[in-house]
Every structure is written in C-alpha cells, then in structure tokens.
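Asks: What follows is upload.txt, made up of compact mmCIF, C-alpha atoms and all ligand atoms:
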```
# COMPACT_ATOMS: atom_id res chain seq x y z
CA MET A 1 94.94 83.28 100.76
CA THR A 2 94.91 85.90 98.02
CA PRO A 3 98.21 87.78 97.44
CA HIS A 4 96.32 91.07 97.68
CA PRO A 5 92.71 92.19 98.15
CA THR A 6 90.49 92.77 95.12
CA LEU A 7 91.53 95.98 93.37
CA ALA A 8 88.03 97.28 92.69
CA LYS A 9 89.16 100.07 90.42
CA HIS A 10 90.32 97.43 87.91
CA TYR A 11 87.93 94.50 88.39
CA ALA A 12 84.77 94.02 90.40
CA SER A 13 85.49 90.59 91.86
CA ALA A 14 88.37 88.14 92.29
CA ALA A 15 86.87 86.01 89.51
CA GLU A 16 87.51 88.83 87.03
CA LYS A 17 91.17 89.31 87.98
CA PRO A 18 92.72 86.72 85.59
CA ALA A 19 91.09 88.25 82.51
CA PHE A 20 92.13 91.75 83.56
CA VAL A 21 95.74 90.69 84.25
CA ASN A 22 95.89 88.80 80.97
CA GLN A 23 94.84 91.74 78.81
CA LEU A 24 97.26 93.98 80.73
CA PHE A 25 100.26 91.76 79.94
CA ASP A 26 99.13 90.99 76.39
CA ALA A 27 99.01 94.73 75.69
CA GLY A 28 102.24 95.51 77.54
CA ALA A 29 104.29 92.60 76.18
CA PRO A 30 106.04 94.48 73.33
CA HIS A 31 107.36 97.04 75.84
CA TYR A 32 108.10 94.83 78.86
CA ASP A 33 111.80 94.14 78.26
CA LEU A 34 112.73 97.74 77.60
CA VAL A 35 110.79 99.02 80.58
CA VAL A 36 112.17 96.56 83.14
CA ASP A 37 115.69 96.86 81.74
CA TRP A 38 116.13 100.54 82.53
CA GLY A 39 113.61 100.58 85.37
CA PHE A 40 115.85 98.25 87.37
CA LEU A 41 119.04 99.98 86.19
CA ARG A 42 120.05 97.15 83.86
CA SER A 43 120.57 94.80 86.83
CA GLY A 44 117.84 92.32 85.92
CA ALA A 45 119.72 89.76 83.84
CA HIS A 46 122.62 89.51 86.30
CA TYR A 47 120.29 89.21 89.30
CA ARG A 48 118.06 86.60 87.65
CA ARG A 49 121.14 84.50 86.78
CA THR A 50 123.02 84.81 90.08
CA THR A 51 119.96 84.04 92.21
CA GLN A 52 119.27 80.86 90.24
CA LEU A 53 122.93 79.81 90.67
CA LYS A 54 122.91 80.74 94.35
CA HIS A 55 119.81 78.66 95.05
CA GLY A 56 121.15 75.57 93.32
CA LEU A 57 120.16 75.45 89.64
CA LYS A 58 122.77 73.29 87.90
CA PRO A 59 123.45 71.71 84.51
CA GLY A 60 121.27 68.65 83.94
CA ASP A 61 118.31 70.06 85.89
CA CYS A 62 114.86 70.00 84.37
CA LEU A 63 113.41 73.48 84.96
CA LEU A 64 109.88 74.88 84.98
CA ASP A 65 109.71 78.69 84.76
CA VAL A 66 106.20 79.71 85.80
CA ALA A 67 105.00 83.15 84.67
CA CYS A 68 107.89 83.22 82.21
CA GLY A 69 106.65 86.41 80.60
CA THR A 70 109.09 87.44 77.87
CA GLY A 71 111.57 84.80 79.06
CA LEU A 72 113.90 86.92 81.21
CA VAL A 73 114.36 84.23 83.90
CA ALA A 74 114.52 81.35 81.42
CA VAL A 75 117.15 83.02 79.22
CA GLU A 76 119.44 83.31 82.26
CA ALA A 77 118.64 79.73 83.30
CA ALA A 78 119.68 78.51 79.85
CA LYS A 79 123.11 80.08 80.38
CA ILE A 80 123.53 78.03 83.56
CA LEU A 81 122.13 74.82 82.10
CA GLY A 82 124.07 75.22 78.86
CA THR A 83 120.89 74.51 76.90
CA ALA A 84 117.20 75.42 76.82
CA ALA A 85 116.20 71.86 75.94
CA ASN A 86 115.29 71.04 79.56
CA ILE A 87 113.37 74.26 80.18
CA THR A 88 109.59 74.54 80.17
CA CYS A 89 108.16 78.07 80.16
CA LEU A 90 104.57 78.62 81.27
CA ASP A 91 102.48 81.80 81.09
CA PRO A 92 98.81 82.63 80.48
CA SER A 93 99.58 85.63 78.24
CA ALA A 94 99.86 84.81 74.54
CA GLY A 95 101.52 88.19 74.00
CA MET A 96 104.27 87.53 76.55
CA LEU A 97 104.80 83.97 75.26
CA ALA A 98 105.15 85.28 71.68
CA VAL A 99 108.08 87.48 72.74
CA ALA A 100 109.68 84.68 74.80
CA ARG A 101 109.53 82.27 71.86
CA THR A 102 111.82 84.56 69.85
CA LYS A 103 114.57 84.23 72.48
CA LEU A 104 115.09 80.59 73.32
CA ASP A 105 114.37 77.12 72.07
CA ALA A 106 112.50 75.92 75.14
CA ARG A 107 109.10 74.25 75.51
CA PHE A 108 106.34 76.88 75.83
CA VAL A 109 103.00 76.18 77.44
CA GLN A 110 100.06 78.55 77.88
CA GLY A 111 98.66 78.02 81.35
CA ARG A 112 98.27 79.28 84.88
CA ALA A 113 100.26 78.69 88.04
CA GLU A 114 97.17 77.61 89.97
CA ALA A 115 96.50 74.62 87.67
CA LEU A 116 99.75 73.39 86.14
CA PRO A 117 99.24 71.07 83.14
CA PHE A 118 102.08 68.73 84.13
CA PRO A 119 102.26 65.34 85.86
CA ASP A 120 103.42 64.98 89.46
CA ASN A 121 107.19 64.83 90.11
CA SER A 122 108.21 66.37 86.76
CA PHE A 123 110.82 69.05 87.56
CA ASP A 124 114.09 69.46 89.51
CA PHE A 125 113.77 73.23 89.83
CA LEU A 126 110.86 75.66 89.60
CA THR A 127 111.17 79.42 89.22
CA MET A 128 108.66 82.25 89.31
CA GLY A 129 109.88 85.80 88.66
CA TYR A 130 107.89 88.83 89.74
CA ALA A 131 104.46 87.28 89.29
CA LEU A 132 103.39 86.06 92.71
CA ARG A 133 100.99 89.00 93.05
CA HIS A 134 99.08 87.89 89.98
CA VAL A 135 97.90 84.45 91.10
CA THR A 136 94.44 84.07 92.58
CA ASP A 137 95.45 82.00 95.61
CA LEU A 138 98.89 81.50 97.18
CA GLU A 139 98.35 78.14 98.84
CA THR A 140 96.69 76.58 95.77
CA THR A 141 99.63 77.80 93.67
CA PHE A 142 102.25 76.49 96.11
CA ARG A 143 100.54 73.09 96.32
CA GLU A 144 100.80 72.91 92.55
CA TYR A 145 104.49 73.78 92.76
CA ARG A 146 105.06 71.05 95.31
CA ARG A 147 103.10 68.54 93.22
CA VAL A 148 105.10 69.03 90.02
CA LEU A 149 108.51 69.15 91.72
CA LYS A 150 110.42 65.89 92.05
CA PRO A 151 111.33 64.82 95.59
CA GLY A 152 114.31 67.00 96.53
CA GLY A 153 113.27 69.54 93.88
CA LYS A 154 113.73 73.23 94.63
CA LEU A 155 111.50 76.27 94.33
CA LEU A 156 112.70 79.86 93.83
CA ILE A 157 110.29 82.80 93.76
CA LEU A 158 111.67 86.27 93.04
CA GLU A 159 109.68 89.33 94.09
CA VAL A 160 110.06 93.04 94.74
CA THR A 161 108.83 93.83 98.24
CA LYS A 162 107.71 97.23 99.44
CA PRO A 163 109.76 98.46 102.44
CA ALA A 164 107.77 98.30 105.68
CA GLY A 165 107.93 102.10 106.11
CA GLY A 166 110.33 104.92 106.81
CA PHE A 167 112.27 106.97 104.27
CA ALA A 168 112.90 103.91 102.06
CA GLY A 169 109.14 103.36 101.91
CA VAL A 170 108.54 106.95 100.80
CA LEU A 171 111.20 106.73 98.07
CA PHE A 172 109.86 103.38 96.93
CA ARG A 173 106.34 104.81 96.65
CA ILE A 174 107.48 107.85 94.68
CA TYR A 175 109.60 105.78 92.29
CA PHE A 176 107.29 102.82 91.63
CA GLY A 177 103.99 104.64 92.17
CA ARG A 178 104.64 107.82 90.17
CA LEU A 179 107.96 108.08 88.38
CA TYR A 180 108.33 104.62 86.87
CA PRO A 181 104.86 104.44 85.22
CA ALA A 182 105.26 107.98 83.83
CA LEU A 183 108.74 107.25 82.44
CA ALA A 184 107.50 103.95 81.02
CA GLN A 185 104.97 105.86 78.94
CA LEU A 186 107.48 108.55 78.00
CA PHE A 187 110.09 106.09 76.72
CA THR A 188 107.71 103.72 74.94
CA ARG A 189 105.01 106.20 73.88
CA SER A 190 102.59 103.54 75.07
CA ARG A 191 99.73 103.99 77.51
CA GLU A 192 99.66 100.21 77.86
CA ALA A 193 103.23 100.24 79.22
CA ARG A 194 102.21 102.87 81.74
CA ALA A 195 99.13 100.87 82.79
CA MET A 196 101.25 97.73 83.22
CA MET A 197 103.78 99.48 85.47
CA ARG A 198 101.09 101.34 87.42
CA TYR A 199 99.43 98.01 88.17
CA TYR A 200 102.88 96.62 89.10
CA TRP A 201 103.03 99.26 91.84
CA GLU A 202 99.42 98.88 92.98
CA THR A 203 99.86 95.13 93.51
CA MET A 204 103.15 95.63 95.37
CA ASP A 205 101.48 98.24 97.55
CA ALA A 206 98.56 95.94 98.38
CA CYS A 207 100.56 92.70 98.67
CA VAL A 208 100.47 90.55 101.81
CA PRO A 209 103.69 90.76 103.89
CA PRO A 210 106.57 88.30 103.41
CA ALA A 211 105.58 86.40 106.59
CA ALA A 212 102.25 85.49 104.98
CA VAL A 213 103.99 84.19 101.85
CA LEU A 214 106.31 82.05 104.00
CA GLU A 215 103.34 80.73 105.96
CA ALA A 216 101.53 79.78 102.73
CA LEU A 217 104.64 77.98 101.44
CA ARG A 218 104.83 75.93 104.66
CA ALA A 219 101.09 75.27 104.61
CA ALA A 220 101.49 73.86 101.09
CA GLY A 221 103.91 71.26 102.48
CA LEU A 222 107.21 72.71 101.29
CA ALA A 223 110.27 72.23 103.51
CA ALA A 224 113.35 74.38 104.24
CA VAL A 225 111.25 77.45 103.50
CA ARG A 226 112.99 80.80 103.88
CA ARG A 227 113.27 84.29 102.44
CA ASP A 228 116.58 85.90 101.52
CA THR A 229 116.64 89.59 100.68
CA ALA A 230 118.84 91.84 98.59
CA LEU A 231 119.02 95.58 99.28
CA GLY A 232 115.98 95.11 101.51
CA LEU A 233 113.77 95.23 98.38
CA PHE A 234 114.30 92.01 96.47
CA SER A 235 112.83 88.88 98.01
CA GLU A 236 114.02 85.37 97.19
CA TYR A 237 111.53 82.85 98.58
CA VAL A 238 112.88 79.31 98.54
CA GLY A 239 111.55 75.89 99.46
CA VAL A 240 112.22 72.21 98.84
CA LYS A 241 109.96 69.25 98.20
CA SER A 242 111.20 66.81 100.81
C1 LIG B 1 105.85 91.01 85.64
S1 LIG B 1 105.73 89.67 84.50
C2 LIG B 1 107.14 88.68 84.96
C3 LIG B 1 107.84 88.07 83.80
C4 LIG B 1 109.16 87.37 84.07
N1 LIG B 1 109.00 86.22 84.93
C5 LIG B 1 110.24 88.27 84.62
O1 LIG B 1 111.04 87.82 85.45
O2 LIG B 1 110.33 89.43 84.21
C6 LIG B 1 104.38 88.77 85.21
C7 LIG B 1 103.94 87.59 84.36
O3 LIG B 1 103.03 86.81 85.14
C8 LIG B 1 102.10 86.26 84.24
N2 LIG B 1 100.93 85.78 85.00
C9 LIG B 1 99.85 86.48 85.37
N3 LIG B 1 98.99 85.69 86.04
C10 LIG B 1 99.54 84.47 86.09
C11 LIG B 1 99.13 83.21 86.62
N4 LIG B 1 97.98 83.08 87.27
N5 LIG B 1 99.93 82.14 86.48
C12 LIG B 1 101.12 82.27 85.84
N6 LIG B 1 101.56 83.42 85.30
C13 LIG B 1 100.78 84.52 85.43
C14 LIG B 1 101.82 87.39 83.29
O4 LIG B 1 101.20 86.98 82.09
C15 LIG B 1 103.21 87.97 83.08
O5 LIG B 1 103.84 87.40 81.98
```
Let me see whether you can do it: turn the structure in this file into structure tokens.
Ligand SMILES: C[S@@+](CC[C@H](N)C(=O)[O-])C[C@H]1O[C@@H](n2cnc3c(N)ncnc32)[C@H](O)[C@@H]1O
Replies:
Amino acid sequence: MTPHPTLAKHYASAAEKPAFVNQLFDAGAPHYDLVVDWGFLRSGAHYRRTTQLKHGLKPGDCLLDVACGTGLVAVEAAKILGTAANITCLDPSAGMLAVARTKLDARFVQGRAEALPFPDNSFDFLTMGYALRHVTDLETTFREYRRVLKPGGKLLILEVTKPAGGFAGVLFRIYFGRLYPALAQLFTRSREARAMMRYYWETMDACVPPAAVLEALRAAGLAAVRRDTALGLFSEYVGVKS
C-alpha cells in the first residue's frame, strides 16, 4: 500500500517518486531546521524527546533513526541515551545527512526505509519522524522495521495528520497549504524551502488515513500496534516485535 497516490504534478509514476523526493530534501536541507523550528512554534525538540521517553527509549538501547533528516529525532534520543554511540541514523538524502553529521557523533548510513542495510535483530528501538509519506510502500517498510528490530524491540513513528474535517481541517489547510510554504520562502529567501514545505502539505493532504497505517503495521507482523495522538494533529504510531 502506498502512503498516498502518485502526485502527477511532481512525478509521472511511482517509480520516479524517490528521485523527486531526494532532490527536494537535498535542496531544502540547509533551511530545514529553521523552517520546522518556527513552523511548529519551537515545540519540536521537546516533543521529539518526550515521545521517545514516553514510548520506552532508555539508556543502553541501540537505536535506529530512519529518515533522520538533519538529526532532529536523533539529537533528542542522544539526550535520553546519554550518548550517540548506540545511534544509527539512516536517510537517502546526502544533503540532510551532511547537516545531521555536524550535530552528533552517531553512525550515519545513506539508505532507504524500504531496504534497510542492516542484519536481522539489530536494534532495540526504531524511530521515524515525519517521513512516512515519503516511502514507496508501507507494508514493505514495516516488514523491514520488524526484521531489523530485536525480539521485544519497539517502533515509534511520528507524523502530522490532517484533521478529518470541520473547522480544524480548514485551519490546517490554510496554515500548511498556504501560509507555511509562503513564510518558509519569506524567512529563508529560498524557493527550495517553499517547495519542500508545499510538498509537505500535499503529501499530508493526500495521505491514507491512520486506520490504514495501523492495518499495514499489523499486516507486517508487528504486535501491540496503536496510535496515540496529541492535539488531534500529531500521531504516534507504535508497535513491538514480539
Ligand atoms: C520531513 S524530513 C524528517 C526529518 C526528521 N526525521 C525530523 O524529525 O524532522 C523527511 C526525511 O525523510 C527522508 N526520506 C525520504 N524518503 C525516504 C525513504 N524512502 N526512506 C527513508 N527516508 C526517506 C528525507 O530525505 C528527509 O530527510
């Protein structure tokens, strides 16, 4: 199951999506931290740390952060673990990885969620922050997550989820669809930053509903699957390799 249908205005077929997404994040990488910092009202670091604590990350754990981007999840994980020595950060974008490397002394690997270059049963905890919409297939990705987790290992996926409708849905659309991309360009003077945040919205708008994500997690063989929400917008998908 794809996380969203092909977005024909950006790429003609699903096969072309990875290259498009990669150039988008390579070009936007220098601006990403600034844009998400104010765009989410400076709440990002606190939320990324407290959700990892809440869902059981603890000192001594061996962590894989998939779609690490500029390292925002991994930096907060290192505060919990007390070290970055047991953290592996994976991302396909060389631009994003280059920024992440300046922040923490973790292991960095260029790769994709759908084909993880790690042996079975390698990690105690696996995180993915705000990148689920960018994979090509949910079930393939979740099977990979299950494969590389140790028995008893935990999965935490953070996402922003569009409200189902109503006034909140209208506000969400105005903010993420119009305001945020325009402000991103204004503050960074970068069209690439605008394009990155416009695509952020388009993929949220087109994304499959949370029930489909939960179904794909269960279909991939993960146990204790559930979704917690914060403010009705932030989704925390969790699962365990039993
Ligand atoms: C919005 S950023 C999220 C960065 C970071 N995790 C955070 O919490 O801010 C999305 C990231 O997903 C990465 N990405 C895109 N396609 C991917 C794939 N198939 N597998 C893994 N990561 C992917 C992008 O390169 C980008 O760094």
Asks: Any residue with an atom at most 9 Å from ligand LIG 1 (chain B) counts, using all atoms listed in the file. Which are they? Put them as a compact mmCIF listing (two decimals) with C-alpha atoms, keeping the file's coordinate frame.
Replies:
```txt
# COMPACT_ATOMS: atom_id res chain seq x y z
CA LYS A 17 91.17 89.31 87.98
CA PRO A 18 92.72 86.72 85.59
CA VAL A 21 95.74 90.69 84.25
CA ASN A 22 95.89 88.80 80.97
CA GLN A 23 94.84 91.74 78.81
CA LEU A 24 97.26 93.98 80.73
CA PHE A 25 100.26 91.76 79.94
CA ASP A 26 99.13 90.99 76.39
CA ALA A 29 104.29 92.60 76.18
CA TYR A 32 108.10 94.83 78.86
CA ASP A 33 111.80 94.14 78.26
CA VAL A 36 112.17 96.56 83.14
CA GLY A 44 117.84 92.32 85.92
CA ARG A 48 118.06 86.60 87.65
CA ASP A 65 109.71 78.69 84.76
CA VAL A 66 106.20 79.71 85.80
CA ALA A 67 105.00 83.15 84.67
CA CYS A 68 107.89 83.22 82.21
CA GLY A 69 106.65 86.41 80.60
CA THR A 70 109.09 87.44 77.87
CA GLY A 71 111.57 84.80 79.06
CA LEU A 72 113.90 86.92 81.21
CA VAL A 73 114.36 84.23 83.90
CA ALA A 74 114.52 81.35 81.42
CA LEU A 90 104.57 78.62 81.27
CA ASP A 91 102.48 81.80 81.09
CA PRO A 92 98.81 82.63 80.48
CA SER A 93 99.58 85.63 78.24
CA ALA A 94 99.86 84.81 74.54
CA GLY A 95 101.52 88.19 74.00
CA MET A 96 104.27 87.53 76.55
CA LEU A 97 104.80 83.97 75.26
CA GLN A 110 100.06 78.55 77.88
CA GLY A 111 98.66 78.02 81.35
CA ARG A 112 98.27 79.28 84.88
CA ALA A 113 100.26 78.69 88.04
CA GLU A 114 97.17 77.61 89.97
CA ALA A 115 96.50 74.62 87.67
CA LEU A 116 99.75 73.39 86.14
CA THR A 127 111.17 79.42 89.22
CA MET A 128 108.66 82.25 89.31
CA GLY A 129 109.88 85.80 88.66
CA TYR A 130 107.89 88.83 89.74
CA ALA A 131 104.46 87.28 89.29
CA LEU A 132 103.39 86.06 92.71
CA ARG A 133 100.99 89.00 93.05
CA HIS A 134 99.08 87.89 89.98
CA VAL A 135 97.90 84.45 91.10
CA THR A 136 94.44 84.07 92.58
CA ASP A 137 95.45 82.00 95.61
CA THR A 141 99.63 77.80 93.67
CA LEU A 158 111.67 86.27 93.04
CA GLU A 159 109.68 89.33 94.09
CA MET A 196 101.25 97.73 83.22
CA MET A 197 103.78 99.48 85.47
CA TYR A 200 102.88 96.62 89.10
```
Asks: With all atoms listed in the file as the counted atoms, please give the residues lying no more than 8 Å from stretch 153-155 of chain A, apart from itself and same-chain residues fewer than 4 positions off, as a ChimeraX atom specification.
Replies: /A:56,123-127,145,149,237-242
Asks: Nearest to A:Tyr175 among A:Lys58, A:Lys103, A:His4, A:Arg198, with distances taken over only C-alpha atoms: which residue is it?
Replies: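 Under the stated criterion, the closest residue is A:Arg198.
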Asks: So the first atom is atom CA of A:Leu183 and the second is atom CA of A:Ala230; what is the distance between them in Å, to one decimal place?
Replies: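 Rounded to one decimal, the two atoms are 24.5 Å apart.
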Asks: Would you mind listing what lies within 12 Å of A:Arg226 as a list in words, with only C-alpha atoms counted and same-chain residues fewer than 6 positions away left out?
Replies: His55, Lys154, Leu155, Leu156, Ile157, Pro210, Ala211, Ala212, Val213, Leu214, Glu215, Ala216, Leu217, Arg218, Ser235, Glu236, Tyr237, Val238, Gly239 and Val240 of chain A
Asks: Using all atoms listed in the file, which of the listed residues (A:Met1, A:Ile80, A:Tyr11, A:Glu144) sits closest to A:Leu63?
Replies: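 For A:Leu63, the nearest of the given residues is A:Ile80.
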Asks: Neighbouring residues of A:Leu34 were defined as those with any atom within 9 Å, considering all atoms listed in the file; residues of the same chain fewer than 5 positions away were excluded. Please report them as a list of chain:residue names.
Replies: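 The contact residues come out as A:Gly39, A:Ala184, A:Phe187, A:Thr188.
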Asks: Could you work out how far atom CA of A:Leu233 lies from atom CA of A:Trp38, giving the answer in Å with one decimal?
Replies: 16.9 Å
Asks: Find the residues near A:Tyr199: any atom within 10 Å, counting only C-alpha atoms, skip ones fewer than 4 places away on the same chain, and give them as a CSV table (one decimal) with C-alpha atoms, in the coordinates of the input.
Replies:
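Output file result_19.csv is given in full below:
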```csv
chain,number,residue,atom,x,y,z
A,7,LEU,CA,91.5,96.0,93.4
A,10,HIS,CA,90.3,97.4,87.9
A,21,VAL,CA,95.7,90.7,84.2
A,24,LEU,CA,97.3,94.0,80.7
A,176,PHE,CA,107.3,102.8,91.6
A,177,GLY,CA,104.0,104.6,92.2
A,181,PRO,CA,104.9,104.4,85.2
A,193,ALA,CA,103.2,100.2,79.2
A,194,ARG,CA,102.2,102.9,81.7
A,195,ALA,CA,99.1,100.9,82.8
A,203,THR,CA,99.9,95.1,93.5
A,204,MET,CA,103.2,95.6,95.4
A,205,ASP,CA,101.5,98.2,97.6
```
Asks: Compare A:Thr229, A:Asn121, A:Thr102, A:Gln52 by their minimum atom-to-atom distance to A:Gly152, counting only C-alpha atoms, and give me the closest one.
Replies: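 Looking only at the distances to A:Gly152, the closest residue turns out to be A:Asn121.
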